[in-house]
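Below is one structure, written out as structure tokens; comments come after it.
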Amino acid sequence: MPPQRHDSTHNDTDEEEELLYDMNKLDGDIIRRHNEDDDEFIYNQDAPLLTGVSSTSRTTKKQTVGWLNKLRQKISHFSIVSIQTSSTSKESTSIRRRRRCCCCRLSLCLVITALITITFFIWNLFYFSPATLPNPTFPDKSTNTDARFLTLNIFMRPPGVKNNKSDYKEQRLDYIIKYILPHYDVITIQEAFAFANRRIDKLQVAAREMGFNYQVASPRHYPWQLAADGGLLLLSRFPIAKSDVIEFPRGLHSDWLSKKGALHALIELNAQRSVHVYTTHTQASYESGGKLNMDDTNMRLSQFALVHQFISETARNDGSPIMIMGDLNVDASKHDQENKTLPALHSSDAYIKMVNILNGTGLPDGTYSDPDWHIDTMKDIVYEQFGYHPVTFGNVVADKEATEGVKPVETVLTHFDQVTTVQSIDRMFWADRFSDTITVSNITIEHFFIKDNSELTKDEKEEIEFTQISDHYGLSCHIRLN
């Protein structure tokens, strides 16, 4: 059988029909326009449909088939680009939505932060501001005979600051109000810190209700100032004709956080007799065991110079006597005796420097001297009466069984490394200014032991968990009018 021949005409016809079918699937006419860089195809819906392809030339047919394949590639490319464009558009929309969401959240956070900040400031303005004192319930006091003065460091530090298990601040405050305030006419108080608590407001209100109609206190400070108040308070049953306050530059160590300073009040004992009263609380010592630190000492000396200047500016132009009292944080004892129970007869170098700066003499090299004005008659009336510097902090009693032959008097409030330091750091200085119309007498070391309170029953004494009202003793005196 002769080999079969393929009919080229038949095959060509099939290709033409397939091509015609593919071309007629298009909804319009495709016009090819050639550019130098690439082929560009333009779709024209108004052109008549392509209905046939010439079959006279195989070359033409192959060119048409190639053209169609290229067209398919272009259409496929356009579809991919379209899909990618759609996907990119969706991603862009999603990004914009996320950005809008982040902006909304940020705005909300800023609004909430602003509200919290404003609320915090308003709350602090009310909470840290002094309480409004009630109207006086007793008439102003006046005397032609005498008045009782007291100075006391009440050891009322800000919340959370304590030496031992507890400082019993609330209980001691109630005790002071009930058993201490009623017995005095003028009281200067140190470490009455009002920062972040209402204890001192309670003390001031109670004092006003007892007849202390005149009060001077350290300025209050707010948290954003990074400073507590100076903790000073002056209470008087007598009228105060004039009052002044100063604040020292920031101190060292923890004292940096407290704006310590000094208070002044010109107290009218009667219509003709007045006395200048000053109280201060200077830089504390932060060495263990009561040891001296030169940085602390120099800071205190600079503060005493400011106190002298303060006195000069407020008292030098009249002849009224001057009383300076408070916790001056300078140990007057020289500690030149091994037996801690013996009285401190000799004065420390730090004490001598303090006295000379306060009265205006200054240091031997001329530092802190005031050539224009001295408080010539200023005396340490406590030392003058007793003949020694009495212990006011870290007192001891003899105990043969103890390691040093002594044991501490108080351990509940006093820091453990200070309980046997036998320091004399609370002072009363008096300057009569060459007048004998007002004198001072009956200086007393006020231990304020709970066991010695005759107003308490035995059971009440046993219920109280502290043995004395502060880690310091107080000093009191009588001011007598001659």
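To be explicit about the labels: the chains of the structure tokens are called A, B, and onward in the order shown, and within each one the residues are counted from 1, while ligands get numbers from 1 in the order they are shown.
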
Open item on the list: For the strand (DSSP E or B) assignment from backbone DSSP, which residues of range 232-353 of chain A qualify? Please present them as a ChimeraX atom specification.
Closed with: /A:233-236,240-247,258,261-268,274-281,322-327,333,344,347

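The protein and nucleic acid residues lying at most 10 Å from Val307 in chain A are Ile246, Glu247, Phe248, Gly261, Ala262, Leu263, Tyr278, Thr279, Thr280, Thr282, Leu301, Ser302, Gln303, Phe304, Ala305, Gln309, Phe310, Ile311, Ser312, Glu313, Ile324, Ile357, Leu358 and Asn359 of chain A, with only C-alpha atoms considered and sequence neighbours fewer than 2 positions away removed.
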
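These are the residues of range 217-313 of chain A assigned alpha helix (DSSP H) by DSSP from backbone coordinates: A:Met294, A:Asp295, A:Asp296, A:Thr297, A:Asn298, A:Met299, A:Arg300, A:Leu301, A:Ser302, A:Gln303, A:Phe304, A:Ala305, A:Leu306, A:Val307, A:His308, A:Gln309, A:Phe310, A:Ile311, A:Ser312, A:Glu313.
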
Limited to N, CA, C and O atoms, could you put the picked residues into a file as a PDB file, in the first residue's frame?
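Here's the written file part-v7.pdb:
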```
ATOM      1  N   MET A 294      32.878  66.791 107.881  1.00  0.00           N
ATOM      2  CA  MET A 294      33.222  68.184 107.578  1.00  0.00           C
ATOM      3  C   MET A 294      32.260  68.813 106.579  1.00  0.00           C
ATOM      4  O   MET A 294      31.963  70.011 106.673  1.00  0.00           O
ATOM      5  N   ASP A 295      31.771  68.029 105.621  1.00  0.00           N
ATOM      6  CA  ASP A 295      30.820  68.594 104.667  1.00  0.00           C
ATOM      7  C   ASP A 295      29.542  69.029 105.376  1.00  0.00           C
ATOM      8  O   ASP A 295      29.021  70.127 105.134  1.00  0.00           O
ATOM      9  N   ASP A 296      29.044  68.161 106.270  1.00  0.00           N
ATOM     10  CA  ASP A 296      27.844  68.516 107.043  1.00  0.00           C
ATOM     11  C   ASP A 296      28.121  69.717 107.937  1.00  0.00           C
ATOM     12  O   ASP A 296      27.289  70.632 108.060  1.00  0.00           O
ATOM     13  N   THR A 297      29.276  69.711 108.585  1.00  0.00           N
ATOM     14  CA  THR A 297      29.630  70.806 109.500  1.00  0.00           C
ATOM     15  C   THR A 297      29.704  72.142 108.761  1.00  0.00           C
ATOM     16  O   THR A 297      29.163  73.154 109.224  1.00  0.00           O
ATOM     17  N   ASN A 298      30.375  72.163 107.623  1.00  0.00           N
ATOM     18  CA  ASN A 298      30.490  73.406 106.854  1.00  0.00           C
ATOM     19  C   ASN A 298      29.137  73.892 106.351  1.00  0.00           C
ATOM     20  O   ASN A 298      28.881  75.104 106.295  1.00  0.00           O
ATOM     21  N   MET A 299      28.268  72.952 105.980  1.00  0.00           N
ATOM     22  CA  MET A 299      26.919  73.344 105.560  1.00  0.00           C
ATOM     23  C   MET A 299      26.177  74.006 106.712  1.00  0.00           C
ATOM     24  O   MET A 299      25.511  75.035 106.535  1.00  0.00           O
ATOM     25  N   ARG A 300      26.278  73.435 107.908  1.00  0.00           N
ATOM     26  CA  ARG A 300      25.623  74.034 109.072  1.00  0.00           C
ATOM     27  C   ARG A 300      26.163  75.433 109.359  1.00  0.00           C
ATOM     28  O   ARG A 300      25.391  76.354 109.664  1.00  0.00           O
ATOM     29  N   LEU A 301      27.469  75.590 109.274  1.00  0.00           N
ATOM     30  CA  LEU A 301      28.058  76.908 109.556  1.00  0.00           C
ATOM     31  C   LEU A 301      27.531  77.961 108.585  1.00  0.00           C
ATOM     32  O   LEU A 301      27.239  79.100 108.985  1.00  0.00           O
ATOM     33  N   SER A 302      27.386  77.587 107.330  1.00  0.00           N
ATOM     34  CA  SER A 302      26.832  78.542 106.352  1.00  0.00           C
ATOM     35  C   SER A 302      25.381  78.868 106.667  1.00  0.00           C
ATOM     36  O   SER A 302      24.932  80.007 106.468  1.00  0.00           O
ATOM     37  N   GLN A 303      24.649  77.902 107.191  1.00  0.00           N
ATOM     38  CA  GLN A 303      23.250  78.144 107.573  1.00  0.00           C
ATOM     39  C   GLN A 303      23.162  79.048 108.794  1.00  0.00           C
ATOM     40  O   GLN A 303      22.270  79.904 108.883  1.00  0.00           O
ATOM     41  N   PHE A 304      24.085  78.894 109.753  1.00  0.00           N
ATOM     42  CA  PHE A 304      24.098  79.782 110.916  1.00  0.00           C
ATOM     43  C   PHE A 304      24.382  81.225 110.494  1.00  0.00           C
ATOM     44  O   PHE A 304      23.846  82.173 111.077  1.00  0.00           O
ATOM     45  N   ALA A 305      25.209  81.395 109.485  1.00  0.00           N
ATOM     46  CA  ALA A 305      25.469  82.742 108.971  1.00  0.00           C
ATOM     47  C   ALA A 305      24.192  83.350 108.399  1.00  0.00           C
ATOM     48  O   ALA A 305      23.926  84.551 108.566  1.00  0.00           O
ATOM     49  N   LEU A 306      23.395  82.530 107.730  1.00  0.00           N
ATOM     50  CA  LEU A 306      22.112  83.014 107.201  1.00  0.00           C
ATOM     51  C   LEU A 306      21.142  83.349 108.328  1.00  0.00           C
ATOM     52  O   LEU A 306      20.366  84.300 108.225  1.00  0.00           O
ATOM     53  N   VAL A 307      21.179  82.564 109.407  1.00  0.00           N
ATOM     54  CA  VAL A 307      20.320  82.856 110.563  1.00  0.00           C
ATOM     55  C   VAL A 307      20.724  84.190 111.186  1.00  0.00           C
ATOM     56  O   VAL A 307      19.863  85.011 111.557  1.00  0.00           O
ATOM     57  N   HIS A 308      22.023  84.420 111.329  1.00  0.00           N
ATOM     58  CA  HIS A 308      22.474  85.706 111.879  1.00  0.00           C
ATOM     59  C   HIS A 308      21.996  86.865 111.002  1.00  0.00           C
ATOM     60  O   HIS A 308      21.503  87.879 111.516  1.00  0.00           O
ATOM     61  N   GLN A 309      22.145  86.716 109.701  1.00  0.00           N
ATOM     62  CA  GLN A 309      21.676  87.765 108.797  1.00  0.00           C
ATOM     63  C   GLN A 309      20.170  87.966 108.938  1.00  0.00           C
ATOM     64  O   GLN A 309      19.679  89.107 108.918  1.00  0.00           O
ATOM     65  N   PHE A 310      19.440  86.886 109.100  1.00  0.00           N
ATOM     66  CA  PHE A 310      17.988  86.919 109.288  1.00  0.00           C
ATOM     67  C   PHE A 310      17.635  87.712 110.552  1.00  0.00           C
ATOM     68  O   PHE A 310      16.728  88.567 110.544  1.00  0.00           O
ATOM     69  N   ILE A 311      18.358  87.449 111.623  1.00  0.00           N
ATOM     70  CA  ILE A 311      18.121  88.167 112.882  1.00  0.00           C
ATOM     71  C   ILE A 311      18.462  89.649 112.720  1.00  0.00           C
ATOM     72  O   ILE A 311      17.723  90.531 113.190  1.00  0.00           O
ATOM     73  N   SER A 312      19.556  89.925 112.054  1.00  0.00           N
ATOM     74  CA  SER A 312      19.970  91.306 111.838  1.00  0.00           C
ATOM     75  C   SER A 312      18.906  92.093 111.073  1.00  0.00           C
ATOM     76  O   SER A 312      18.604  93.247 111.402  1.00  0.00           O
ATOM     77  N   GLU A 313      18.339  91.465 110.069  1.00  0.00           N
ATOM     78  CA  GLU A 313      17.355  92.146 109.228  1.00  0.00           C
ATOM     79  C   GLU A 313      16.011  92.339 109.934  1.00  0.00           C
ATOM     80  O   GLU A 313      15.249  93.236 109.554  1.00  0.00           O
TER      81      GLU A 313
END
```

### Message
With only C-alpha atoms as the counted atoms, please give the residues lying no more than 8 Å from range 402-406 of chain A, apart from itself and same-chain residues fewer than 3 positions off, as a VMD selection string.
### Response
chain A and resid 340 to 341 396 to 399

**Message:** Please list as a PyMOL selection string every residue within 9 Å of Asn164 in chain A, counting only C-alpha atoms and excluding residues in the same chain fewer than 4 positions away.
**Reply:** chain A and resi 411-416

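Across the structure, CA of Asp432 in chain A and CA of Phe386 in chain A are spaced 19.0 Å apart.
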
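Counting only C-alpha atoms and comparing A:Arg433, A:Lys169, A:Arg237, A:His346, the residue that lies closest to Asn317 in chain A is A:Arg433.
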
With only C-alpha atoms as the counted atoms, please give the residues lying no more than 6 Å from Asn153 in chain A, apart from itself and same-chain residues fewer than 2 positions off, as a PDB file with C-alpha atoms, in the first residue's frame.
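Output contents, as saved in part_34.pdb:
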```
ATOM      1  CA  PHE A 155      10.229  63.636 115.179  1.00  0.00           C
ATOM      2  CA  ILE A 189       8.604  72.792 116.934  1.00  0.00           C
ATOM      3  CA  GLN A 190      11.058  71.099 114.603  1.00  0.00           C
ATOM      4  CA  GLU A 191      10.536  68.099 112.332  1.00  0.00           C
TER       5      GLU A 191
END
```

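Among the candidates A:His253, A:His183, A:His335, A:Arg99, the residue lying nearest to Lys291 in chain A is A:His335 (atoms considered: only C-alpha atoms).
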